[in-house]
Amino acid sequence: MADTFTTRVINVPTGSVETVYDLTDACSAFLREAAHGRDGLLNVFTPHATAGLAVIETGSGSDDDLLAALHDLLPADDRWRHRHGTPGHGRDHVLPALIPPHATLPVTGGQLQLGTWQSVVLVDTNVDNPDRQVRLSFLG
């Protein structure tokens with residue numbers, strides 16, 4: 001099983017602001033160590049009730065656009081029944097229903113198969129939790 005399945009937890013400091021944190025380099029580094037040039041699947045999972053994972057373009061404003069769209073869809077106001085933490089924190093608990101806490105991606109020849117402009121990102125709108133974990137698992 002050790003030859004076919006490898007997993008690692010990485011710590012991601014998201015800070016005290018809403019963020020789209022690029023995990024692509026961390027995923028690629030993990031695959032260099034775990035995949036050994038093999039084909040398979042990379043599963044990315046974050047064990048948090050208020051964060052999600054997405055595959056999007058970053059660096060061209062799309063990450064800011066995503067956060068702006070989430071503000072429109074999930075305003076940080078007092079409408080939410082879940083009411084602890086920062087005002088509007090209840091919306092953070094709805095986020096994973098729209099941006100799931102997992103992604104499974106193809107790996108060919110040990111390389112993550114993303115499109116030219118695609119990146120794997122952690123989406124975190126919860127400003128009350130500045131430290132996140134992400135589990136990377138390779139099945140090959």
# chains A, B, ... in the order shown; residues from 1 in each chain; ligands from 1
>>> residues_around(residues="segment 47-56 of chain A", least_positions_apart="2", cutoff="7 Å", atoms="only C-alpha atoms", output="PyMOL selection string")
chain A and resi 45+58+92-93+95-96+99-103+118-126+133
>>> write_last_selection(atoms="C-alpha atoms", output="PDB file, in the first residue's frame")
ATOM      1  CA  PHE A  45      -8.699  17.944   1.382  1.00  0.00           C
ATOM      2  CA  THR A  58      -4.884  33.276 -10.006  1.00  0.00           C
ATOM      3  CA  ASP A  92     -18.268  30.978   6.524  1.00  0.00           C
ATOM      4  CA  HIS A  93     -20.037  27.744   7.488  1.00  0.00           C
ATOM      5  CA  LEU A  95     -18.999  28.358   2.078  1.00  0.00           C
ATOM      6  CA  PRO A  96     -18.089  24.625   1.819  1.00  0.00           C
ATOM      7  CA  ILE A  99     -16.699  25.574  -2.634  1.00  0.00           C
ATOM      8  CA  PRO A 100     -16.171  22.031  -1.347  1.00  0.00           C
ATOM      9  CA  PRO A 101     -13.361  21.108   1.050  1.00  0.00           C
ATOM     10  CA  HIS A 102     -11.928  18.589  -1.435  1.00  0.00           C
ATOM     11  CA  ALA A 103     -10.639  18.239  -4.990  1.00  0.00           C
ATOM     12  CA  GLN A 118      -5.350  26.783 -13.550  1.00  0.00           C
ATOM     13  CA  SER A 119      -4.161  26.756  -9.953  1.00  0.00           C
ATOM     14  CA  VAL A 120      -5.249  24.745  -6.916  1.00  0.00           C
ATOM     15  CA  VAL A 121      -6.316  27.146  -4.159  1.00  0.00           C
ATOM     16  CA  LEU A 122      -7.575  27.146  -0.594  1.00  0.00           C
ATOM     17  CA  VAL A 123     -10.480  29.570  -0.209  1.00  0.00           C
ATOM     18  CA  ASP A 124     -10.757  30.880   3.346  1.00  0.00           C
ATOM     19  CA  THR A 125     -13.232  33.585   4.353  1.00  0.00           C
ATOM     20  CA  ASN A 126     -13.008  32.830   8.080  1.00  0.00           C
ATOM     21  CA  GLN A 133      -4.331  22.347   7.353  1.00  0.00           C
TER      22      GLN A 133
END
>>> residues_around(residues="Thr86 of chain A", least_positions_apart="5", cutoff="12 Å", atoms="only C-alpha atoms", output="PyMOL selection string")
chain A and resi 16-17+76-78+80+91-92+125-129
>>> atom_distance(atom1="atom CA of Asn43 of chain A", atom2="atom CA of Ser28 of chain A")
12.3 Å
>>> closest_residue(among="A:Val44, A:Leu105, A:Arg81, A:Asp63", to="Val9 of chain A", atoms="only C-alpha atoms")
A:Val44
>>> residues_around(residues="Pro13 of chain A", least_positions_apart="6", cutoff="7 Å", atoms="only C-alpha atoms", output="compact mmCIF listing (two decimals) with N, CA, C and O atoms, in the first residue's frame")
# COMPACT_ATOMS: atom_id res chain seq x y z
N PRO A 130 -6.69 31.71 11.68
CA PRO A 130 -5.57 32.09 10.82
C PRO A 130 -4.67 30.94 10.38
O PRO A 130 -3.78 31.15 9.57
N ASP A 131 -4.89 29.74 10.89
CA ASP A 131 -4.04 28.60 10.56
C ASP A 131 -4.90 27.45 10.07
O ASP A 131 -5.82 27.02 10.76
N ARG A 132 -4.57 26.95 8.88
CA ARG A 132 -5.34 25.86 8.27
C ARG A 132 -4.43 24.68 7.98
O ARG A 132 -3.22 24.81 7.90
>>> closest_residue(among="A:Leu139, A:Leu23, A:Leu73, A:Val107", to="Val94 of chain A", atoms="only C-alpha atoms")
A:Leu73
>>> residues_around(residues="Glu57 of chain A", least_positions_apart="5", cutoff="12 Å", atoms="only C-alpha atoms", output="list in words")
Val20, Tyr21, Asp22, Thr24, Ser62, Asp63, Asp64, Asp65, Leu66, Leu114, Gly115, Thr116, Trp117, Gln118, Ser119, Val120 and Val121 of chain A
>>> select_by_dssp(residues="chain A", states="helix (DSSP H, G or I)", output="PyMOL selection string")
chain A and resi 24-34+62-73+90-98
>>> write_last_selection(atoms="C-alpha atoms", output="PDB file, in the first residue's frame")
ATOM      1  CA  THR A  24      -0.200  24.570  -6.646  1.00  0.00           C
ATOM      2  CA  ASP A  25       3.505  24.661  -5.802  1.00  0.00           C
ATOM      3  CA  ALA A  26       2.941  22.638  -2.627  1.00  0.00           C
ATOM      4  CA  CYS A  27       0.944  20.058  -4.627  1.00  0.00           C
ATOM      5  CA  SER A  28       3.688  19.808  -7.257  1.00  0.00           C
ATOM      6  CA  ALA A  29       6.416  19.471  -4.616  1.00  0.00           C
ATOM      7  CA  PHE A  30       4.457  16.703  -2.896  1.00  0.00           C
ATOM      8  CA  LEU A  31       4.025  14.849  -6.195  1.00  0.00           C
ATOM      9  CA  ARG A  32       7.759  15.039  -6.950  1.00  0.00           C
ATOM     10  CA  GLU A  33       8.337  13.112  -3.719  1.00  0.00           C
ATOM     11  CA  ALA A  34       5.287  10.836  -3.758  1.00  0.00           C
ATOM     12  CA  SER A  62      -9.710  36.147 -10.571  1.00  0.00           C
ATOM     13  CA  ASP A  63      -8.870  35.440  -6.935  1.00  0.00           C
ATOM     14  CA  ASP A  64     -10.166  38.889  -5.939  1.00  0.00           C
ATOM     15  CA  ASP A  65     -13.193  38.368  -8.197  1.00  0.00           C
ATOM     16  CA  LEU A  66     -13.925  35.096  -6.410  1.00  0.00           C
ATOM     17  CA  LEU A  67     -13.835  36.801  -3.010  1.00  0.00           C
ATOM     18  CA  ALA A  68     -16.070  39.601  -4.347  1.00  0.00           C
ATOM     19  CA  ALA A  69     -18.554  37.045  -5.713  1.00  0.00           C
ATOM     20  CA  LEU A  70     -18.596  35.286  -2.352  1.00  0.00           C
ATOM     21  CA  HIS A  71     -19.351  38.629  -0.685  1.00  0.00           C
ATOM     22  CA  ASP A  72     -22.333  39.013  -3.025  1.00  0.00           C
ATOM     23  CA  LEU A  73     -23.551  35.445  -2.465  1.00  0.00           C
ATOM     24  CA  GLY A  90     -22.321  32.033   9.833  1.00  0.00           C
ATOM     25  CA  ARG A  91     -21.714  32.568   6.128  1.00  0.00           C
ATOM     26  CA  ASP A  92     -18.268  30.978   6.524  1.00  0.00           C
ATOM     27  CA  HIS A  93     -20.037  27.744   7.488  1.00  0.00           C
ATOM     28  CA  VAL A  94     -22.089  27.875   4.273  1.00  0.00           C
ATOM     29  CA  LEU A  95     -18.999  28.358   2.078  1.00  0.00           C
ATOM     30  CA  PRO A  96     -18.089  24.625   1.819  1.00  0.00           C
ATOM     31  CA  ALA A  97     -21.493  23.906   0.262  1.00  0.00           C
ATOM     32  CA  LEU A  98     -20.460  26.162  -2.655  1.00  0.00           C
TER      33      LEU A  98
END
>>> select_by_dssp(residues="chain A", states="strand (DSSP E or B)", output="PDB file with C-alpha atoms, in the first residue's frame")
ATOM      1  CA  PHE A   5      -0.860   5.611  -1.523  1.00  0.00           C
ATOM      2  CA  THR A   6       1.062   8.458   0.098  1.00  0.00           C
ATOM      3  CA  THR A   7      -0.345  11.290   2.198  1.00  0.00           C
ATOM      4  CA  ARG A   8       0.967  14.408   3.911  1.00  0.00           C
ATOM      5  CA  VAL A   9      -0.576  17.268   5.896  1.00  0.00           C
ATOM      6  CA  ILE A  10       0.672  20.769   5.209  1.00  0.00           C
ATOM      7  CA  ASN A  11       0.028  23.818   7.370  1.00  0.00           C
ATOM      8  CA  VAL A  12      -1.270  26.901   5.619  1.00  0.00           C
ATOM      9  CA  PRO A  13      -1.108  30.298   7.360  1.00  0.00           C
ATOM     10  CA  THR A  19      -7.827  34.833   1.210  1.00  0.00           C
ATOM     11  CA  VAL A  20      -7.399  32.672  -1.841  1.00  0.00           C
ATOM     12  CA  TYR A  21      -4.161  30.813  -1.070  1.00  0.00           C
ATOM     13  CA  ASP A  22      -2.362  29.138  -3.973  1.00  0.00           C
ATOM     14  CA  GLY A  40      -2.615   8.486 -10.516  1.00  0.00           C
ATOM     15  CA  LEU A  41      -4.815  10.883  -8.633  1.00  0.00           C
ATOM     16  CA  LEU A  42      -4.047  13.694  -6.217  1.00  0.00           C
ATOM     17  CA  ASN A  43      -6.706  14.274  -3.602  1.00  0.00           C
ATOM     18  CA  VAL A  44      -6.579  17.599  -1.776  1.00  0.00           C
ATOM     19  CA  PHE A  45      -8.699  17.944   1.382  1.00  0.00           C
ATOM     20  CA  ALA A  51     -12.879  26.663   4.057  1.00  0.00           C
ATOM     21  CA  GLY A  52     -12.929  25.136   0.600  1.00  0.00           C
ATOM     22  CA  LEU A  53     -10.728  24.174  -2.332  1.00  0.00           C
ATOM     23  CA  ALA A  54     -11.053  25.370  -5.904  1.00  0.00           C
ATOM     24  CA  VAL A  55      -9.275  25.186  -9.234  1.00  0.00           C
ATOM     25  CA  ILE A  56      -9.144  28.688 -10.710  1.00  0.00           C
ATOM     26  CA  HIS A 102     -11.928  18.589  -1.435  1.00  0.00           C
ATOM     27  CA  ALA A 103     -10.639  18.239  -4.990  1.00  0.00           C
ATOM     28  CA  THR A 104      -9.374  15.215  -6.904  1.00  0.00           C
ATOM     29  CA  LEU A 105      -6.987  15.943  -9.758  1.00  0.00           C
ATOM     30  CA  PRO A 106      -5.308  13.781 -12.426  1.00  0.00           C
ATOM     31  CA  VAL A 107      -1.576  13.086 -12.307  1.00  0.00           C
ATOM     32  CA  THR A 108       0.280  11.837 -15.395  1.00  0.00           C
ATOM     33  CA  GLN A 111       2.919  15.754 -12.980  1.00  0.00           C
ATOM     34  CA  LEU A 112      -0.277  17.492 -11.909  1.00  0.00           C
ATOM     35  CA  SER A 119      -4.161  26.756  -9.953  1.00  0.00           C
ATOM     36  CA  VAL A 120      -5.249  24.745  -6.916  1.00  0.00           C
ATOM     37  CA  VAL A 121      -6.316  27.146  -4.159  1.00  0.00           C
ATOM     38  CA  LEU A 122      -7.575  27.146  -0.594  1.00  0.00           C
ATOM     39  CA  VAL A 123     -10.480  29.570  -0.209  1.00  0.00           C
ATOM     40  CA  ASP A 124     -10.757  30.880   3.346  1.00  0.00           C
ATOM     41  CA  ASP A 131      -4.043  28.601  10.556  1.00  0.00           C
ATOM     42  CA  ARG A 132      -5.337  25.863   8.267  1.00  0.00           C
ATOM     43  CA  GLN A 133      -4.331  22.347   7.353  1.00  0.00           C
ATOM     44  CA  VAL A 134      -4.531  20.709   3.961  1.00  0.00           C
ATOM     45  CA  ARG A 135      -4.070  16.967   3.394  1.00  0.00           C
ATOM     46  CA  LEU A 136      -2.462  15.950   0.114  1.00  0.00           C
ATOM     47  CA  SER A 137      -2.910  12.286  -0.867  1.00  0.00           C
ATOM     48  CA  PHE A 138      -1.512  10.558  -3.948  1.00  0.00           C
ATOM     49  CA  LEU A 139      -3.007   7.328  -5.185  1.00  0.00           C
TER      50      LEU A 139
END
